[in-house]
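**Q** Below is the structure I would like to discuss, written out as structure tokens.
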Amino acid sequence: MERILSAIKPTGKLTLGNYIGALSHFKDFQDQGESFIFIADLHALTLPIEPEDLRNNSRDIAAFYLASGLDPKKTTMFLQSSVSAHAELNAIVQNYLYMGELKRMTQFKDKCSKMADTAIGMGIFAYPVLMAADILLYEATEVPVGEDQAQHVELCRDLVRRFNHRYGEILKMPKAVVPKVGARIMSLTDPSKKMSKSDQKGDIFLLDDPKTMRKKIMSAKTDMGPTVTDDPVGKPGIHNLLNIYASLDGTTIEEAAKRFEGFRYGEFKKAVADKLDEVMIPFRARYDQIIADKSYIEVLRQGAERAREVANKTLRKVQEAVGLLLI
Ligand code: TYM
């Protein structure tokens with residue numbers, strides 16, 4: 001049976017990129033096997049964050065998970081920090097990944113290339129180690145993520161090979177599952193940059209009101225030429241909007257491009273904004289309800305219990321394999 005695992009880090013306001021690249025797919029995996037979806041709160045500490053923001057962002061993600069259709073009967077939902085095995089396995093597996101490998105990670109380079117060594121915390125550097133521990137604890141076979149996280153899953157695969165070569169078949173080999181459409185949503189103001197949680201005008205946040213979302217879509221950067229055609233290199237702005245539309249509509253880019261071929265940009269953007277309303281307004285209403293009734297609290301509590309059971313079993317296996325005395 002497949003084991004599915006993924007997570008979102010509560011560092012800032014969730015974006016449409018997070019929704020399209022990851023969150024919206026999680027529910028599709030629920031019936032394929034046992035699924036574990038958590039809030040990566042320890043990862044959020046790798047960059048400075050106010051305690052109150054971390055708490056609020058974590059609650060938001062829990063509510064977003066439920067609002068997106070995750071069913072606690074099928075998916076184990078929990079906070080990473082509620083399961084101490086993450087930190088314990090991290091302490092072991094960090095010895096099987098190397099500085100050179102971690103330095104090559106694109107995300108690390110993007111975030112830290114302009115920072116002095118004295119300003120870069122150990123946590124952000126060693127981030128993929130903890131992420132590998134997250135994945136390995138649940139013996140995940142499939143890890144649904146957007147494109148930017150695929151490299152970290154690859155590194156985890158290297159770790160599994162190395163570790164199993166040394167100790168036998170102890171760790172399960174995971175693989176990244178990247179969606180065919182929408183794996184990399186770009187900024188609306190600069191389609192050469194990824195849409196990310198750091199507050200920018202080009203990002204759509206899941207908690208933006210419908211009017212703001214529409215305004216952002218209508219003022220998205222477009223390209224030369226008056227009408228829609230799909231050209232990822234020559235028309236990256238239009239390509240990004242087609243990607244957004246296709247993902248929300250559950251269709252392909254080619255289908256979407258055919259549908260809007262020859263449309264003027266204004267008309268096309270209006271159709272994208274309408275589609276966004278269609279998906280986001282009911283999603284937001286479910287989120288509001290869950291935040292108000294606080295039903296996520298019990299879900300996270302029970303999820304943590306189940307997660308601990310599974311995680312502690314793997315941790316024990318690893319501790320034994322490397323020679324720690326279990327008495
Ligand atoms: P995070 O919180 O940065 O992002 C959460 C998910 O959203 C995807 N994503 C995007 N997809 C498409 N377009 C975008 N512009 C975009 N921006 C973000 C990400 O690829 C991700 O799937 N390290 C992870 C959290 C994590 C994790 C794990 C994931 C911790 N442990 C174990 C999987 C398995 C992160 O920071 O994601």
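Residue numbering restarts at 1 in every chain; chains get A, B, ... in the order shown in the structure tokens, and ligands count up from 1 in that same order.
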Give me the residues within 8 Å of Ser68 of chain A as a list in words, counting only C-alpha atoms and dropping any in the same chain fewer than 4 places off.

**A**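 Within the cut-off, the hits are Leu23, Ser24, Lys27, Phe64 and Phe283 of chain A.
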
**Q** With only C-alpha atoms as the counted atoms, please give the residues lying no more than 8 Å from Ile244 of chain A, apart from itself and same-chain residues fewer than 6 positions off, as a list of chain:residue names.

**A** A:Ile20, A:Gly182, A:Ile185, A:Val272

**Q** Could you please write out, as a count of residues only, every residue of segment 246-327 of chain A that DSSP assigns to helix (DSSP H, G or I)?

**A** 68

**Q** Kindly compile the residues surrounding ligand 1 within 7 Å, counting only C-alpha atoms and all ligand atoms, and format them as a compact mmCIF listing (two decimals) with C-alpha atoms, in the first residue's frame.

**A**
# COMPACT_ATOMS: atom_id res chain seq x y z
CA LEU A 5 3.30 12.30 3.05
CA SER A 6 3.54 16.03 2.60
CA ALA A 7 3.68 19.27 4.56
CA ILE A 8 3.48 23.03 4.38
CA LYS A 9 5.68 25.34 6.38
CA PRO A 10 3.84 28.05 8.38
CA GLY A 17 1.14 28.75 -5.58
CA ASN A 18 0.94 26.65 -2.40
CA TYR A 19 -2.69 25.85 -3.16
CA ILE A 20 -2.17 24.90 -6.79
CA GLY A 21 1.20 23.18 -6.46
CA ALA A 22 0.45 21.22 -3.30
CA LEU A 23 -2.60 21.74 -1.08
CA ALA A 40 6.08 21.86 9.27
CA HIS A 43 10.91 24.25 9.59
CA MET A 131 12.79 17.23 5.66
CA ALA A 132 14.35 13.84 4.90
CA ASP A 134 10.04 13.85 8.06
CA ILE A 135 9.62 11.70 5.00
CA VAL A 143 5.58 12.83 -1.61
CA PRO A 144 3.30 15.29 -3.43
CA VAL A 145 5.12 18.63 -3.76
CA GLY A 146 5.54 21.57 -6.11
CA GLU A 147 8.60 21.71 -8.32
CA ASP A 148 10.75 23.70 -5.87
CA GLN A 149 10.71 20.87 -3.30
CA GLY A 182 0.77 24.14 -11.88
CA ALA A 183 3.96 22.76 -10.31
CA ARG A 184 5.52 26.20 -10.46
CA ILE A 185 3.21 29.22 -10.29
CA MET A 186 5.06 32.46 -10.95
CA LYS A 194 8.29 32.05 -8.26
CA MET A 195 5.17 33.12 -6.38
CA SER A 196 6.25 32.89 -2.74

**Q** Just the residues within 8 Å of Thr314 of chain A, please, counting only C-alpha atoms, with nothing from its chain fewer than 2 positions along; format it as a PyMOL selection string.

**A** chain A and resi 136-139+310-312+316-318

**Q** Would you write out those residues with C-alpha atoms, as a compact mmCIF listing (two decimals), in the first residue's frame?

**A**
# COMPACT_ATOMS: atom_id res chain seq x y z
CA LEU A 136 11.49 8.66 6.26
CA LEU A 137 9.71 8.40 9.62
CA TYR A 138 6.41 7.59 7.90
CA GLU A 139 7.98 5.26 5.33
CA VAL A 310 4.10 5.21 13.21
CA ALA A 311 7.10 7.51 13.62
CA ASN A 312 8.38 5.89 16.80
CA ARG A 316 13.40 2.46 16.81
CA LYS A 317 14.33 0.51 13.73
CA VAL A 318 16.92 3.12 12.76

**Q** For Ala67 of chain A, list every protein, DNA or RNA residue within 8 Å, evaluated using only C-alpha atoms, and leave out those in the same chain fewer than 2 positions away; present the list as a list in words.

**A**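 Residues meeting the cut-off are Ala63, Phe64, Tyr65, Gly69, Leu70, Phe283, Arg284, Arg286, Tyr287 and Ile290 of chain A.
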
**Q** Pick out the residues sitting within 6 Å of Met77 of chain A, and hand them over as a list of chain:residue names; count only C-alpha atoms, and ignore anything fewer than 6 positions along from it in its own chain.

**A**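 Using only C-alpha atoms, the neighbours found are A:Ile37, A:Phe38, A:Leu300, A:Gly303.
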
**Q** I need the residues from that last selection saved to file as a PDB file, in the first residue's frame (with C-alpha atoms), if you can.

**A**
ATOM      1  CA  ILE A  37      -0.127  15.601   6.021  1.00  0.00           C
ATOM      2  CA  PHE A  38       1.481  17.839   8.595  1.00  0.00           C
ATOM      3  CA  LEU A 300      -4.406  17.736  15.327  1.00  0.00           C
ATOM      4  CA  GLY A 303      -3.434  13.037  14.411  1.00  0.00           C
TER       5      GLY A 303
END

**Q** Rank nothing, just name the residue among A:Tyr96, A:Phe268, A:Phe260, A:Phe125 nearest to Cys156 of chain A, using only C-alpha atoms.

**A** A:Tyr96

**Q** Could you pull out the strand (DSSP E) residues of segment 74-263 of chain A, going by DSSP on the backbone, and write them as a PyMOL selection string?

**A** chain A and resi 75-79+142-144+175-177

**Q** Grab the residues selected above and save them as an mmCIF file, in the first residue's frame with all heavy atoms.

**A**
data_model
loop_
_atom_site.group_PDB
_atom_site.id
_atom_site.type_symbol
_atom_site.label_atom_id
_atom_site.label_comp_id
_atom_site.auth_asym_id
_atom_site.auth_seq_id
_atom_site.Cartn_x
_atom_site.Cartn_y
_atom_site.Cartn_z
ATOM 1 N N THR A 75 -6.858 10.851 6.497
ATOM 2 C CA THR A 75 -5.544 11.488 6.516
ATOM 3 C C THR A 75 -5.167 11.828 7.948
ATOM 4 O O THR A 75 -5.955 12.428 8.670
ATOM 5 C CB THR A 75 -5.582 12.792 5.686
ATOM 6 O OG1 THR A 75 -5.832 12.464 4.327
ATOM 7 C CG2 THR A 75 -4.275 13.557 5.776
ATOM 8 N N THR A 76 -3.952 11.450 8.321
ATOM 9 C CA THR A 76 -3.453 11.819 9.640
ATOM 10 C C THR A 76 -2.859 13.221 9.537
ATOM 11 O O THR A 76 -1.901 13.436 8.804
ATOM 12 C CB THR A 76 -2.380 10.806 10.095
ATOM 13 O OG1 THR A 76 -2.980 9.513 10.114
ATOM 14 C CG2 THR A 76 -1.844 11.139 11.466
ATOM 15 N N MET A 77 -3.475 14.169 10.245
ATOM 16 C CA MET A 77 -3.009 15.565 10.202
ATOM 17 C C MET A 77 -2.413 15.929 11.558
ATOM 18 O O MET A 77 -3.025 15.649 12.587
ATOM 19 C CB MET A 77 -4.216 16.478 9.952
ATOM 20 C CG MET A 77 -4.472 16.773 8.506
ATOM 21 S SD MET A 77 -6.010 17.701 8.368
ATOM 22 C CE MET A 77 -7.157 16.377 8.141
ATOM 23 N N PHE A 78 -1.256 16.550 11.550
ATOM 24 C CA PHE A 78 -0.616 16.844 12.844
ATOM 25 C C PHE A 78 0.422 17.955 12.709
ATOM 26 O O PHE A 78 0.793 18.341 11.592
ATOM 27 C CB PHE A 78 0.036 15.572 13.406
ATOM 28 C CG PHE A 78 1.096 14.986 12.505
ATOM 29 C CD1 PHE A 78 2.447 15.217 12.742
ATOM 30 C CD2 PHE A 78 0.764 14.217 11.392
ATOM 31 C CE1 PHE A 78 3.432 14.689 11.910
ATOM 32 C CE2 PHE A 78 1.731 13.692 10.553
ATOM 33 C CZ PHE A 78 3.067 13.921 10.812
ATOM 34 N N LEU A 79 0.862 18.425 13.870
ATOM 35 C CA LEU A 79 1.942 19.407 13.915
ATOM 36 C C LEU A 79 3.263 18.640 14.047
ATOM 37 O O LEU A 79 3.385 17.751 14.899
ATOM 38 C CB LEU A 79 1.783 20.319 15.123
ATOM 39 C CG LEU A 79 0.658 21.347 15.036
ATOM 40 C CD1 LEU A 79 0.181 21.741 16.431
ATOM 41 C CD2 LEU A 79 1.120 22.588 14.269
ATOM 42 N N GLU A 142 5.198 8.117 -1.590
ATOM 43 C CA GLU A 142 4.878 9.218 -2.493
ATOM 44 C C GLU A 142 4.857 10.529 -1.711
ATOM 45 O O GLU A 142 4.237 10.610 -0.658
ATOM 46 C CB GLU A 142 3.488 9.031 -3.091
ATOM 47 C CG GLU A 142 3.244 7.619 -3.586
ATOM 48 C CD GLU A 142 2.613 7.624 -4.955
ATOM 49 O OE1 GLU A 142 1.614 8.335 -5.136
ATOM 50 O OE2 GLU A 142 3.165 6.941 -5.839
ATOM 51 N N VAL A 143 5.514 11.522 -2.281
ATOM 52 C CA VAL A 143 5.579 12.828 -1.614
ATOM 53 C C VAL A 143 5.096 13.906 -2.588
ATOM 54 O O VAL A 143 5.856 14.371 -3.431
ATOM 55 C CB VAL A 143 7.030 13.121 -1.154
ATOM 56 C CG1 VAL A 143 7.097 14.432 -0.373
ATOM 57 C CG2 VAL A 143 7.588 11.982 -0.313
ATOM 58 N N PRO A 144 3.810 14.271 -2.509
ATOM 59 C CA PRO A 144 3.303 15.289 -3.431
ATOM 60 C C PRO A 144 3.818 16.679 -3.068
ATOM 61 O O PRO A 144 3.586 17.162 -1.958
ATOM 62 C CB PRO A 144 1.773 15.218 -3.260
ATOM 63 C CG PRO A 144 1.510 14.395 -2.051
ATOM 64 C CD PRO A 144 2.757 13.695 -1.650
ATOM 65 N N LYS A 175 9.334 8.836 -3.385
ATOM 66 C CA LYS A 175 9.515 9.591 -4.632
ATOM 67 C C LYS A 175 8.627 10.836 -4.623
ATOM 68 O O LYS A 175 7.526 10.822 -4.060
ATOM 69 C CB LYS A 175 9.270 8.706 -5.857
ATOM 70 C CG LYS A 175 7.858 8.363 -6.170
ATOM 71 C CD LYS A 175 7.797 7.801 -7.606
ATOM 72 C CE LYS A 175 6.379 7.549 -8.063
ATOM 73 N NZ LYS A 175 5.716 6.405 -7.450
ATOM 74 N N ALA A 176 9.143 11.884 -5.251
ATOM 75 C CA ALA A 176 8.362 13.125 -5.334
ATOM 76 C C ALA A 176 7.284 12.949 -6.387
ATOM 77 O O ALA A 176 7.530 12.356 -7.432
ATOM 78 C CB ALA A 176 9.276 14.282 -5.729
ATOM 79 N N VAL A 177 6.082 13.447 -6.101
ATOM 80 C CA VAL A 177 5.022 13.451 -7.110
ATOM 81 C C VAL A 177 4.696 14.916 -7.384
ATOM 82 O O VAL A 177 4.127 15.615 -6.536
ATOM 83 C CB VAL A 177 3.759 12.713 -6.613
ATOM 84 C CG1 VAL A 177 2.724 12.625 -7.730
ATOM 85 C CG2 VAL A 177 4.115 11.323 -6.118
#

**Q** For Glu309 of chain A, which residue out of A:Ser35, A:Ser113, A:Met280, A:Val83 is the nearest one, using only C-alpha atoms?

**A** A:Val83

**Q** Quick one: everything within 12 Å of Gly266 of chain A, counting only C-alpha atoms, minus sequence neighbours fewer than 5 positions away in the same chain. Send it as a list in words.

**A**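 Returned residues: Arg214, Lys215, Ile217, Met218, Ser219, Ala220, Lys221, Thr222, Pro226, Thr227, Val228, Ile238, Leu241, Phe260, Ala271, Val272 and Ala273 of chain A.
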
**Q** Using Å and a single decimal, report how far atom CA of Leu45 of chain A sits from atom CA of Val93 of chain A.

**A**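 Atom CA of Leu45 of chain A lies at a distance of 19.6 Å from atom CA of Val93 of chain A.
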